[in-house]
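K.L.:
What follows is entry.csv, made up of CSV, C-alpha atoms:
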chain,number,residue,atom,x,y,z
W,1,MET,CA,163.1,-108.6,6.8
W,2,ASP,CA,166.6,-109.0,8.1
W,3,ARG,CA,169.6,-110.2,6.1
W,4,ILE,CA,169.7,-113.6,7.7
W,5,GLN,CA,166.1,-114.4,6.8
W,6,LEU,CA,166.7,-113.3,3.2
W,7,ALA,CA,169.8,-115.4,3.0
W,8,GLN,CA,167.9,-118.5,4.2
W,9,LEU,CA,165.1,-117.9,1.7
W,10,ARG,CA,167.6,-117.3,-1.1
W,11,ASP,CA,169.4,-120.6,-0.3
W,12,VAL,CA,166.1,-122.5,-0.3
W,13,ALA,CA,165.2,-121.0,-3.7
W,14,ILE,CA,168.6,-121.9,-5.1
W,15,GLU,CA,168.1,-125.6,-4.1
W,16,TYR,CA,165.3,-125.9,-6.8
W,17,LEU,CA,167.1,-123.9,-9.5
W,18,PRO,CA,170.0,-125.6,-11.3
W,19,ALA,CA,170.7,-122.4,-13.3
W,20,ALA,CA,171.1,-120.4,-10.0
W,21,GLN,CA,173.3,-123.2,-8.5
W,22,GLU,CA,175.6,-122.9,-11.5
W,23,GLN,CA,175.8,-119.1,-11.2
W,24,ARG,CA,176.6,-119.4,-7.5
W,25,GLU,CA,179.5,-121.9,-8.0
W,26,MET,CA,180.9,-119.9,-10.9
W,27,LEU,CA,180.9,-116.6,-9.0
W,28,LYS,CA,182.5,-118.2,-5.9
W,29,LYS,CA,185.6,-118.9,-8.0
W,30,TYR,CA,185.9,-115.3,-9.0
W,31,TRP,CA,185.1,-113.7,-5.6
W,32,ALA,CA,182.2,-111.7,-7.2
W,33,SER,CA,180.7,-108.8,-5.3
W,34,GLU,CA,177.3,-109.2,-3.6
W,35,THR,CA,175.7,-106.9,-6.3
W,36,THR,CA,177.1,-109.1,-9.1
W,37,PHE,CA,176.0,-112.2,-7.3
W,38,ASN,CA,172.5,-110.8,-6.8
W,39,ASN,CA,172.2,-109.7,-10.4
W,40,SER,CA,173.3,-113.1,-11.7
W,41,LEU,CA,170.7,-114.8,-9.6
W,42,TYR,CA,168.1,-112.4,-10.8
W,43,LEU,CA,168.9,-113.2,-14.4
W,44,ALA,CA,168.8,-116.9,-13.7
W,45,ALA,CA,165.4,-116.5,-12.1
W,46,ILE,CA,164.0,-114.5,-15.0
W,47,ARG,CA,165.3,-117.0,-17.6
W,48,THR,CA,163.6,-119.8,-15.7
W,49,LEU,CA,160.3,-117.9,-15.6
W,50,CYS,CA,160.5,-117.4,-19.4
W,51,LYS,CA,161.6,-121.0,-20.1
W,52,ALA,CA,159.1,-123.4,-21.6
W,53,GLY,CA,158.8,-126.7,-19.6
W,54,ALA,CA,159.9,-125.3,-16.3
W,55,THR,CA,158.6,-127.4,-13.4
W,56,ALA,CA,156.3,-126.0,-10.7
W,57,PRO,CA,159.0,-126.0,-8.0
W,58,GLU,CA,161.4,-124.3,-10.5
W,59,LEU,CA,158.8,-121.6,-11.3
W,60,ALA,CA,158.0,-121.0,-7.6
W,61,ALA,CA,161.6,-120.9,-6.6
W,62,ALA,CA,162.4,-118.4,-9.5
W,63,GLN,CA,159.6,-116.1,-8.3
W,64,LEU,CA,161.0,-116.3,-4.8
W,65,LEU,CA,164.5,-115.5,-5.9
W,66,GLU,CA,163.4,-112.7,-8.2
W,67,ALA,CA,161.5,-111.0,-5.3
W,68,ILE,CA,164.5,-111.5,-2.9
W,69,VAL,CA,166.9,-109.9,-5.2
W,70,MET,CA,164.5,-107.1,-5.9
W,71,LEU,CA,164.3,-106.3,-2.2
W,72,LYS,CA,168.1,-106.7,-1.6
W,73,ASN,CA,168.8,-104.3,-4.5
W,74,TYR,CA,166.2,-101.8,-3.4
W,75,ASP,CA,167.6,-98.3,-3.8
W,76,PRO,CA,165.1,-95.4,-3.9
W,77,ASN,CA,167.6,-93.2,-5.8
W,78,SER,CA,168.3,-95.7,-8.6
W,79,PRO,CA,167.4,-94.5,-12.1
W,80,GLU,CA,166.6,-98.1,-13.0
W,81,LEU,CA,163.4,-97.8,-10.8
W,82,GLU,CA,162.0,-94.9,-12.9
W,83,GLU,CA,159.1,-97.0,-14.2
W,84,PHE,CA,157.3,-97.1,-10.8
W,85,ASP,CA,157.2,-95.1,-7.7
W,86,PRO,CA,160.3,-96.4,-5.7
W,87,GLU,CA,158.6,-96.4,-2.4
W,88,ASP,CA,156.1,-99.0,-3.7
W,89,LEU,CA,158.8,-101.5,-4.7
W,90,ARG,CA,159.9,-102.5,-1.3
W,91,GLU,CA,156.4,-103.3,-0.1
W,92,ILE,CA,155.7,-105.2,-3.4
W,93,ALA,CA,158.9,-107.2,-3.0
W,94,ILE,CA,158.0,-108.3,0.6
W,95,ARG,CA,154.5,-109.3,-0.6
W,96,ASN,CA,156.0,-111.2,-3.5
W,97,ILE,CA,158.4,-113.0,-1.2
W,98,GLY,CA,155.6,-114.1,1.1
W,99,ASN,CA,153.4,-115.3,-1.8
W,100,ALA,CA,156.3,-117.2,-3.4
W,101,VAL,CA,157.3,-118.9,-0.1
W,102,LYS,CA,153.7,-120.1,0.2
W,103,THR,CA,153.6,-121.4,-3.4
W,104,LEU,CA,157.0,-123.1,-3.0
W,105,ALA,CA,155.9,-124.8,0.2
W,106,LYS,CA,152.7,-126.0,-1.5
W,107,VAL,CA,154.3,-127.5,-4.6
W,108,THR,CA,157.2,-129.1,-2.7
W,109,GLY,CA,155.5,-130.2,0.5
W,110,ARG,CA,158.2,-128.4,2.5
W,111,ASP,CA,157.4,-126.7,5.8
W,112,MET,CA,158.3,-123.1,5.3
W,113,GLU,CA,155.7,-121.4,7.5
W,114,HIS,CA,158.4,-119.9,9.8
W,115,LEU,CA,160.1,-118.2,6.8
W,116,ILE,CA,157.0,-116.3,5.6
W,117,PRO,CA,157.6,-112.5,6.1
W,118,ALA,CA,155.3,-111.1,8.9
W,119,ALA,CA,154.4,-108.2,6.6
W,120,THR,CA,152.7,-110.7,4.3
W,121,TYR,CA,149.9,-111.2,6.9
W,122,GLU,CA,149.2,-107.5,7.2
W,123,THR,CA,146.3,-105.9,5.4
W,124,VAL,CA,147.6,-104.1,2.3
W,125,PRO,CA,145.4,-101.3,1.0
W,126,ALA,CA,144.1,-101.7,-2.6
W,127,VAL,CA,146.1,-99.8,-5.2
W,128,LYS,CA,144.0,-97.2,-7.0
W,129,VAL,CA,144.1,-97.0,-10.7
W,130,GLU,CA,145.1,-93.5,-11.8
W,131,ALA,CA,142.7,-91.5,-13.8
W,132,GLY,CA,143.5,-91.9,-17.5
W,133,ALA,CA,145.7,-94.8,-16.8
W,134,GLY,CA,144.7,-96.3,-20.1
W,135,THR,CA,142.2,-98.4,-22.0
W,136,SER,CA,143.3,-101.4,-24.1
W,137,GLN,CA,142.0,-102.1,-27.6
W,138,SER,CA,139.5,-104.4,-26.0
W,139,GLY,CA,137.8,-101.4,-24.6
W,140,LYS,CA,138.2,-102.6,-21.0
W,141,LYS,CA,140.0,-100.3,-18.6
W,142,ILE,CA,143.4,-101.6,-17.6
W,143,PRO,CA,143.5,-102.5,-13.9
W,144,GLY,CA,146.4,-101.9,-11.5
W,145,LYS,CA,149.0,-99.2,-11.4
W,146,MET,CA,150.5,-98.1,-14.7
W,147,PRO,CA,154.2,-97.4,-15.1
W,148,ARG,CA,155.4,-93.9,-15.5
W,149,THR,CA,157.5,-94.4,-18.6
W,150,SER,CA,156.0,-94.6,-22.1
W,151,ILE,CA,157.6,-98.0,-22.8
W,152,GLY,CA,156.2,-99.4,-19.5
W,153,LYS,CA,152.7,-98.1,-20.5
W,154,LEU,CA,153.0,-99.7,-23.9
W,155,ALA,CA,154.1,-103.0,-22.4
W,156,ILE,CA,151.2,-103.1,-20.0
W,157,LYS,CA,148.6,-102.1,-22.7
W,158,ALA,CA,150.0,-105.0,-24.8
W,159,ALA,CA,149.9,-107.4,-21.8
W,160,TRP,CA,146.3,-106.5,-21.0
W,161,GLN,CA,145.2,-106.9,-24.7
W,162,ILE,CA,146.8,-110.4,-24.7
W,163,GLU,CA,145.0,-111.2,-21.4
W,164,CYS,CA,141.7,-110.1,-22.8
W,165,GLU,CA,142.1,-112.1,-26.0
W,166,THR,CA,143.4,-115.3,-24.4
W,167,ASN,CA,141.9,-115.2,-20.8
W,168,LYS,CA,145.5,-115.9,-19.6
W,169,LEU,CA,148.1,-113.7,-18.0
W,170,ALA,CA,150.6,-112.5,-20.6
W,171,ILE,CA,154.3,-113.5,-20.3
W,172,ALA,CA,157.2,-111.3,-21.2
W,173,LYS,CA,158.0,-113.1,-24.5
W,174,GLN,CA,154.5,-112.4,-25.8
W,175,VAL,CA,154.6,-108.8,-24.8
W,176,ILE,CA,158.0,-108.2,-26.5
W,177,GLU,CA,156.7,-109.8,-29.7
W,178,LYS,CA,153.7,-107.5,-29.7
W,179,LEU,CA,155.9,-104.5,-29.1
W,180,GLN,CA,158.1,-105.5,-31.9
W,181,ALA,CA,155.1,-105.7,-34.1
W,182,LEU,CA,154.2,-102.1,-33.1
W,183,VAL,CA,157.5,-100.6,-34.1
W,184,GLU,CA,156.0,-99.2,-37.4
W,185,THR,CA,153.0,-97.5,-35.7
W,186,GLU,CA,154.2,-96.3,-32.2
W,187,PRO,CA,156.4,-93.3,-32.3
W,188,GLU,CA,158.3,-94.2,-29.1
W,189,LEU,CA,159.4,-97.5,-30.6
W,190,LEU,CA,162.4,-97.2,-32.8
W,191,GLU,CA,163.4,-100.6,-34.0
W,192,LYS,CA,163.4,-104.3,-33.2
W,193,ILE,CA,166.4,-105.9,-31.5
W,194,PRO,CA,167.0,-109.5,-30.4
W,195,HIS,CA,164.7,-110.2,-27.5
W,196,GLY,CA,163.5,-106.6,-27.3
W,197,VAL,CA,163.0,-103.2,-28.8
W,198,LYS,CA,164.8,-99.8,-28.8
W,199,TRP,CA,162.7,-96.9,-27.7
W,200,SER,CA,163.0,-93.2,-27.1
W,201,THR,CA,162.4,-91.5,-23.8
W,202,THR,CA,160.6,-88.1,-23.4
W,203,LYS,CA,164.0,-86.6,-23.1
W,204,GLY,CA,165.1,-88.0,-26.4
W,205,LEU,CA,167.4,-90.7,-24.9
W,206,ILE,CA,167.5,-94.1,-26.8
W,207,LYS,CA,167.3,-97.1,-24.6
W,208,SER,CA,166.8,-100.9,-25.1
W,209,TYR,CA,163.9,-102.7,-23.5
W,210,LEU,CA,164.6,-106.4,-23.2
W,211,ILE,CA,162.7,-109.4,-22.1
W,212,GLU,CA,164.2,-109.3,-18.6
W,213,ALA,CA,163.0,-105.7,-18.0
W,214,CYS,CA,159.6,-106.6,-19.5
W,215,ALA,CA,159.3,-109.5,-17.0
W,216,LYS,CA,160.0,-107.1,-14.2
W,217,THR,CA,157.4,-104.6,-15.5
W,218,LEU,CA,154.8,-107.3,-15.7
W,219,ASN,CA,155.5,-108.7,-12.3
W,220,THR,CA,155.2,-105.3,-10.6
W,221,TRP,CA,152.0,-104.5,-12.5
W,222,GLN,CA,150.4,-107.8,-11.8
W,223,THR,CA,151.1,-107.5,-8.1
W,224,SER,CA,149.6,-104.0,-8.1
W,225,ARG,CA,146.3,-105.5,-9.3
W,226,ALA,CA,145.9,-107.6,-6.1
I need this file expressed as structure tokens, please.
P.N.:
Amino acid sequence: MDRIQLAQLRDVAIEYLPAAQEQREMLKKYWASETTFNNSLYLAAIRTLCKAGATAPELAAAQLLEAIVMLKNYDPNSPELEEFDPEDLREIAIRNIGNAVKTLAKVTGRDMEHLIPAATYETVPAVKVEAGAGTSQSGKKIPGKMPRTSIGKLAIKAAWQIECETNKLAIAKQVIEKLQALVETEPELLEKIPHGVKWSTTKGLIKSYLIEACAKTLNTWQTSRA
């Protein structure tokens, strides 16, 4: 996908997201960098996805904006991508963009066929579940591709347990609440913090895992199940 097509899709998504419109106008005043602009739009999208009462166009636009920023910020050398194999993220982002465009077109009645990425129509091979990827407390094997970090694995196990119990996809808020409840029993989880948990990496580093990061983990995992 070229920059012009991404910019067109980004502007369409922003039309349906008041929070993103506010961010755009504010950052124009301060001549913010493109990276700052993209990160601000990403946070606006995640907050919309986690917001109760968001409309169908808002949710579809937020999913589109999230995928666009994910693709624009793609950097295979970024330590922030350590949860998943970096080479998978670009393909996943393009697929997410295509799916979000279709959804937004459906809920708004807007003709957006010409903006759907060509890669979306290509056959994408099924993602194999790695051996020993994990089994939830429900006893069912967890589908899709598991993250490489311990916090990512815990988040997906919690999400799958919620899904098995409710027959609905878990959202980031539910997963964070379950992780907070596991602080006393999981050695990697150190303490509860507002909207997240602190955890320890295999190298002994202490990091925060917040609702925004959890939403990204869930989105990538759910896409890998397709």
K.L.:
As an exercise, work out the distance from atom CA of W:Leu71 to atom CA of W:Asn38 in Å and give it to one decimal place.
P.N.:
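Computing the Euclidean distance for atom CA of W:Leu71 and atom CA of W:Asn38 yields 10.4 Å.
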K.L.:
Just give me the gap between atom CA of W:Arg110 and atom CA of W:Thr48 in Å, one decimal is fine.
P.N.:
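Pair atom CA of W:Arg110 / atom CA of W:Thr48 returns 20.8 Å.
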K.L.:
Counting all atoms listed in the file, figure out which residue out of W:Ala170, W:Ile97, W:Ala155, W:Val197 gets nearest to W:Ile116.
P.N.:
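Under the stated criterion, the closest residue is W:Ile97.
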K.L.:
Could you state the separation of atom CA of W:Lys28 and atom CA of W:Gln63 in Å, given to one decimal place?
P.N.:
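We find that atom CA of W:Lys28 and atom CA of W:Gln63 lie 23.1 Å from each other.
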K.L.:
Pick out the closest residue to W:Arg24 from this set: W:Glu188, W:Arg10, W:Leu41, W:Val183. Count all atoms listed in the file.
P.N.:
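Distance minimum relative to W:Arg24 lands on W:Leu41.
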K.L.:
What would the list of residues within 9 Å of (157.6, -91.0, -28.1) (file frame) look like as a list in words, if all atoms listed in the file are what count?
P.N.:
Ser150, Ile151, Glu186, Pro187, Glu188, Leu189, Trp199, Ser200, Thr201, Thr202 and Gly204 of chain W
K.L.:
Taking all atoms listed in the file into account, name the residue in W:Cys50, W:Ser224, W:Glu22, W:Glu34 that is nearest to W:Glu212.
P.N.:
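Closest candidate: W:Cys50.
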K.L.:
Tell me which of W:Arg47, W:Lys141, W:Ile68, W:Ala61 sits closest to W:Ile14, counting all atoms listed in the file.
P.N.:
W:Ala61
K.L.:
Using only C-alpha atoms, determine which residues lie at most 12 Å from W:Leu6, disregarding the query and same-chain residues fewer than 5 positions distant; provide the list as an NGL selection string.
P.N.:
:W and (1 or 11-13 or 38 or 64-72 or 93-94 or 97-98 or 101 or 115-117)
K.L.:
For W:Tyr16, which residue out of W:Gln180, W:Asn99, W:Thr55, W:Thr149 is the nearest one, using only C-alpha atoms?
P.N.:
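Nearest to W:Tyr16: W:Thr55.
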